[in-house]
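Asker: Structure file start08.txt (compact mmCIF, C-alpha atoms) is given on the next line.
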# COMPACT_ATOMS: atom_id res chain seq x y z
CA VAL A 44 -88.06 -266.22 247.86
CA LYS A 45 -84.52 -264.93 247.68
CA ASP A 46 -83.07 -267.83 245.68
CA ARG A 47 -86.12 -268.42 243.50
CA ASP A 48 -84.37 -270.05 240.57
CA ASN A 49 -82.71 -272.62 242.81
CA LEU A 50 -86.00 -273.33 244.60
CA GLN A 51 -87.76 -273.74 241.26
CA LYS A 52 -85.08 -276.19 240.12
CA GLN A 53 -85.33 -278.25 243.31
CA LEU A 54 -89.11 -278.36 243.10
CA ALA A 55 -88.88 -279.55 239.49
CA GLU A 56 -86.47 -282.28 240.55
CA ASN A 57 -89.25 -283.44 242.90
CA GLY A 58 -91.93 -283.38 240.21
CA ILE A 59 -93.43 -280.01 241.15
CA PHE A 60 -93.89 -277.44 238.40
CA ALA A 61 -93.74 -273.96 239.97
CA PRO A 62 -93.89 -271.31 237.23
CA ILE A 63 -92.50 -267.80 237.33
CA LEU A 64 -95.52 -265.55 236.77
CA TRP A 65 -94.11 -262.08 236.80
CA PRO A 66 -91.84 -261.50 233.79
CA LEU A 67 -91.75 -257.78 233.02
CA ASP A 68 -90.71 -255.96 229.90
CA GLU A 69 -87.92 -253.41 230.12
CA ASN A 70 -90.25 -250.39 230.42
CA ALA A 71 -92.23 -251.95 233.26
CA ARG A 72 -89.01 -252.67 235.19
CA LYS A 73 -88.33 -248.93 235.34
CA ILE A 74 -91.78 -247.98 236.66
CA SER A 75 -91.97 -249.73 240.01
CA PRO A 76 -89.28 -251.07 242.34
CA ILE A 77 -91.95 -253.27 243.95
CA ALA A 78 -92.84 -254.87 240.63
CA LEU A 79 -89.14 -255.37 239.94
CA GLU A 80 -88.72 -257.13 243.29
CA PHE A 81 -91.73 -259.36 242.54
CA GLU A 82 -90.24 -260.23 239.16
CA LYS A 83 -87.08 -261.44 240.83
CA THR A 84 -88.61 -263.32 243.75
CA ILE A 85 -92.18 -264.53 243.12
CA LEU A 86 -92.81 -268.20 242.35
CA ALA A 87 -96.25 -269.78 241.93
CA ILE A 88 -96.92 -272.91 243.94
CA PRO A 89 -99.42 -275.26 242.27
CA ILE A 90 -102.61 -275.34 244.34
CA ASP A 91 -105.85 -275.82 242.41
CA GLN A 92 -108.61 -278.29 241.60
CA ARG A 93 -106.28 -280.60 239.66
CA TYR A 94 -104.47 -281.69 242.82
CA ASP A 95 -105.71 -283.90 245.63
CA HIS A 96 -104.74 -284.02 249.29
CA SER A 97 -101.73 -286.29 248.72
CA ASP A 98 -100.40 -283.88 246.07
CA MET A 99 -100.66 -280.99 248.54
CA VAL A 100 -98.88 -283.01 251.23
CA HIS A 101 -96.10 -283.73 248.71
CA VAL A 102 -95.77 -280.03 247.84
CA TYR A 103 -95.76 -279.05 251.52
CA ASN A 104 -93.20 -281.66 252.56
CA THR A 105 -90.96 -280.85 249.61
CA LEU A 106 -91.03 -277.13 250.35
CA LYS A 107 -90.43 -277.74 254.04
CA ASN A 108 -87.38 -279.91 253.28
CA ILE A 109 -85.90 -277.51 250.74
CA LEU A 110 -86.42 -274.37 252.84
CA ARG A 111 -84.88 -275.75 256.05
Before anything else, please render the file you have as structure tokens.

Answerer:
Amino acid sequence: VKDRDNLQKQLAENGIFAPILWPLDENARKISPIALEFEKTILAIPIDQRYDHSDMVHVYNTLKNILR
């Protein structure tokens, strides 16, 4: 997403932890412009066995409302 940090903040305000998974060191930033773009824009959305259907509905609705 283009405004990842703001989206992450808004998700956190709604009880959704969405970690940044692509921090690069300085050398890696110079190797690939694609990796650099991922570092700036990628945000993990929590979807795994710890969450039930109502959790997924909450994540979906929250994202839908924020991204409008």

Asker: Can you list, as a PyMOL selection string, every protein, DNA or RNA residue that comes within 10 Å of Thr105 of chain A when you count only C-alpha atoms, leaving out same-chain residues fewer than 6 positions away?

Answerer: chain A and resi 53-54+57-59+99

Asker: Skip Trp65 of chain A itself and residues of its chain fewer than 3 positions away, then list as a ChimeraX atom specification all residues within 10 Å of it, counting only C-alpha atoms.

Answerer: /A:62,68,78-87

Asker: I'd like to know which of A:Val44, A:Ile88, A:Val102, A:Leu110 is closest to Leu64 of chain A, using only C-alpha atoms.

Answerer: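 Closest to Leu64 of chain A of all the choices is A:Ile88.
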
Asker: What is the distance between atom CA of Asn108 of chain A and atom CA of Glu56 of chain A, in Å to one decimal?

Answerer: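 Result for atom CA of Asn108 of chain A versus atom CA of Glu56 of chain A: 13.0 Å, one decimal.
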
Asker: Step by step: locate segment 98-110 of chain A in the block above, keep all heavy atoms, then write the file as a tab-separated table (two decimals), in the first residue's frame.

Answerer:
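Below is the file selection-v6.tsv, written as the result:
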chain	number	residue	atom	x	y	z
A	98	ASP	N	-12.95	-13.04	13.51
A	98	ASP	CA	-11.72	-12.23	13.43
A	98	ASP	C	-11.46	-11.80	11.99
A	98	ASP	O	-11.10	-10.65	11.73
A	98	ASP	CB	-10.52	-13.03	13.93
A	98	ASP	CG	-10.58	-13.36	15.40
A	98	ASP	OD1	-11.08	-12.51	16.19
A	98	ASP	OD2	-10.15	-14.45	15.77
A	99	MET	N	-11.65	-12.73	11.05
A	99	MET	CA	-11.41	-12.42	9.65
A	99	MET	C	-12.42	-11.41	9.12
A	99	MET	O	-12.06	-10.51	8.36
A	99	MET	CB	-11.45	-13.69	8.79
A	99	MET	CG	-10.34	-14.68	9.09
A	99	MET	SD	-8.69	-14.04	8.72
A	99	MET	CE	-8.18	-13.37	10.29
A	100	VAL	N	-13.66	-11.51	9.57
A	100	VAL	CA	-14.67	-10.53	9.19
A	100	VAL	C	-14.28	-9.15	9.72
A	100	VAL	O	-14.39	-8.14	9.02
A	100	VAL	CB	-16.07	-10.95	9.68
A	100	VAL	CG1	-17.09	-9.83	9.51
A	100	VAL	CG2	-16.53	-12.21	8.96
A	101	HIS	N	-13.77	-9.11	10.95
A	101	HIS	CA	-13.33	-7.84	11.55
A	101	HIS	C	-12.17	-7.23	10.73
A	101	HIS	O	-12.18	-6.04	10.43
A	101	HIS	CB	-12.91	-8.05	13.00
A	101	HIS	CG	-12.30	-6.85	13.64
A	101	HIS	ND1	-13.00	-5.68	13.84
A	101	HIS	CD2	-11.05	-6.63	14.10
A	101	HIS	CE1	-12.19	-4.79	14.42
A	101	HIS	NE2	-11.01	-5.35	14.58
A	102	VAL	N	-11.20	-8.05	10.37
A	102	VAL	CA	-10.06	-7.57	9.57
A	102	VAL	C	-10.57	-7.06	8.22
A	102	VAL	O	-10.21	-5.95	7.79
A	102	VAL	CB	-9.00	-8.68	9.37
A	102	VAL	CG1	-7.96	-8.27	8.33
A	102	VAL	CG2	-8.34	-9.03	10.69
A	103	TYR	N	-11.41	-7.83	7.56
A	103	TYR	CA	-11.95	-7.43	6.26
A	103	TYR	C	-12.71	-6.11	6.35
A	103	TYR	O	-12.47	-5.19	5.56
A	103	TYR	CB	-12.86	-8.53	5.72
A	103	TYR	CG	-13.66	-8.09	4.52
A	103	TYR	CD1	-13.06	-7.99	3.27
A	103	TYR	CD2	-14.99	-7.73	4.65
A	103	TYR	CE1	-13.78	-7.56	2.17
A	103	TYR	CE2	-15.73	-7.30	3.55
A	103	TYR	CZ	-15.12	-7.21	2.32
A	103	TYR	OH	-15.83	-6.77	1.24
A	104	ASN	N	-13.64	-6.02	7.29
A	104	ASN	CA	-14.45	-4.80	7.41
A	104	ASN	C	-13.60	-3.59	7.76
A	104	ASN	O	-13.82	-2.49	7.25
A	104	ASN	CB	-15.57	-4.99	8.42
A	104	ASN	CG	-16.67	-5.88	7.91
A	104	ASN	OD1	-16.93	-5.93	6.72
A	104	ASN	ND2	-17.32	-6.61	8.80
A	105	THR	N	-12.62	-3.79	8.61
A	105	THR	CA	-11.73	-2.69	8.98
A	105	THR	C	-10.93	-2.21	7.78
A	105	THR	O	-10.86	-1.00	7.51
A	105	THR	CB	-10.80	-3.11	10.13
A	105	THR	OG1	-11.58	-3.54	11.24
A	105	THR	CG2	-9.90	-1.96	10.56
A	106	LEU	N	-10.35	-3.15	7.04
A	106	LEU	CA	-9.61	-2.77	5.84
A	106	LEU	C	-10.51	-2.07	4.83
A	106	LEU	O	-10.13	-1.05	4.25
A	106	LEU	CB	-8.98	-4.00	5.19
A	106	LEU	CG	-7.69	-4.50	5.81
A	106	LEU	CD1	-7.33	-5.87	5.27
A	106	LEU	CD2	-6.56	-3.50	5.57
A	107	LYS	N	-11.70	-2.61	4.62
A	107	LYS	CA	-12.62	-2.02	3.66
A	107	LYS	C	-12.94	-0.57	4.05
A	107	LYS	O	-12.94	0.32	3.20
A	107	LYS	CB	-13.90	-2.85	3.60
A	107	LYS	CG	-14.89	-2.39	2.56
A	107	LYS	CD	-16.03	-3.35	2.41
A	107	LYS	CE	-16.97	-3.22	3.60
A	107	LYS	NZ	-18.23	-3.96	3.44
A	108	ASN	N	-13.19	-0.33	5.33
A	108	ASN	CA	-13.52	1.02	5.78
A	108	ASN	C	-12.34	1.98	5.69
A	108	ASN	O	-12.52	3.15	5.33
A	108	ASN	CB	-14.05	0.98	7.22
A	108	ASN	CG	-15.42	0.34	7.30
A	108	ASN	OD1	-16.20	0.40	6.37
A	108	ASN	ND2	-15.70	-0.29	8.43
A	109	ILE	N	-11.17	1.51	5.99
A	109	ILE	CA	-9.98	2.37	5.94
A	109	ILE	C	-9.62	2.72	4.49
A	109	ILE	O	-9.26	3.85	4.18
A	109	ILE	CB	-8.77	1.69	6.63
A	109	ILE	CG1	-9.02	1.58	8.14
A	109	ILE	CG2	-7.49	2.47	6.36
A	109	ILE	CD1	-8.00	0.71	8.86
A	110	LEU	N	-9.71	1.74	3.60
A	110	LEU	CA	-9.24	1.91	2.23
A	110	LEU	C	-10.25	2.56	1.30
A	110	LEU	O	-9.95	2.79	0.12
A	110	LEU	CB	-8.79	0.57	1.66
A	110	LEU	CG	-7.60	-0.06	2.37
A	110	LEU	CD1	-7.32	-1.44	1.82
A	110	LEU	CD2	-6.37	0.83	2.29
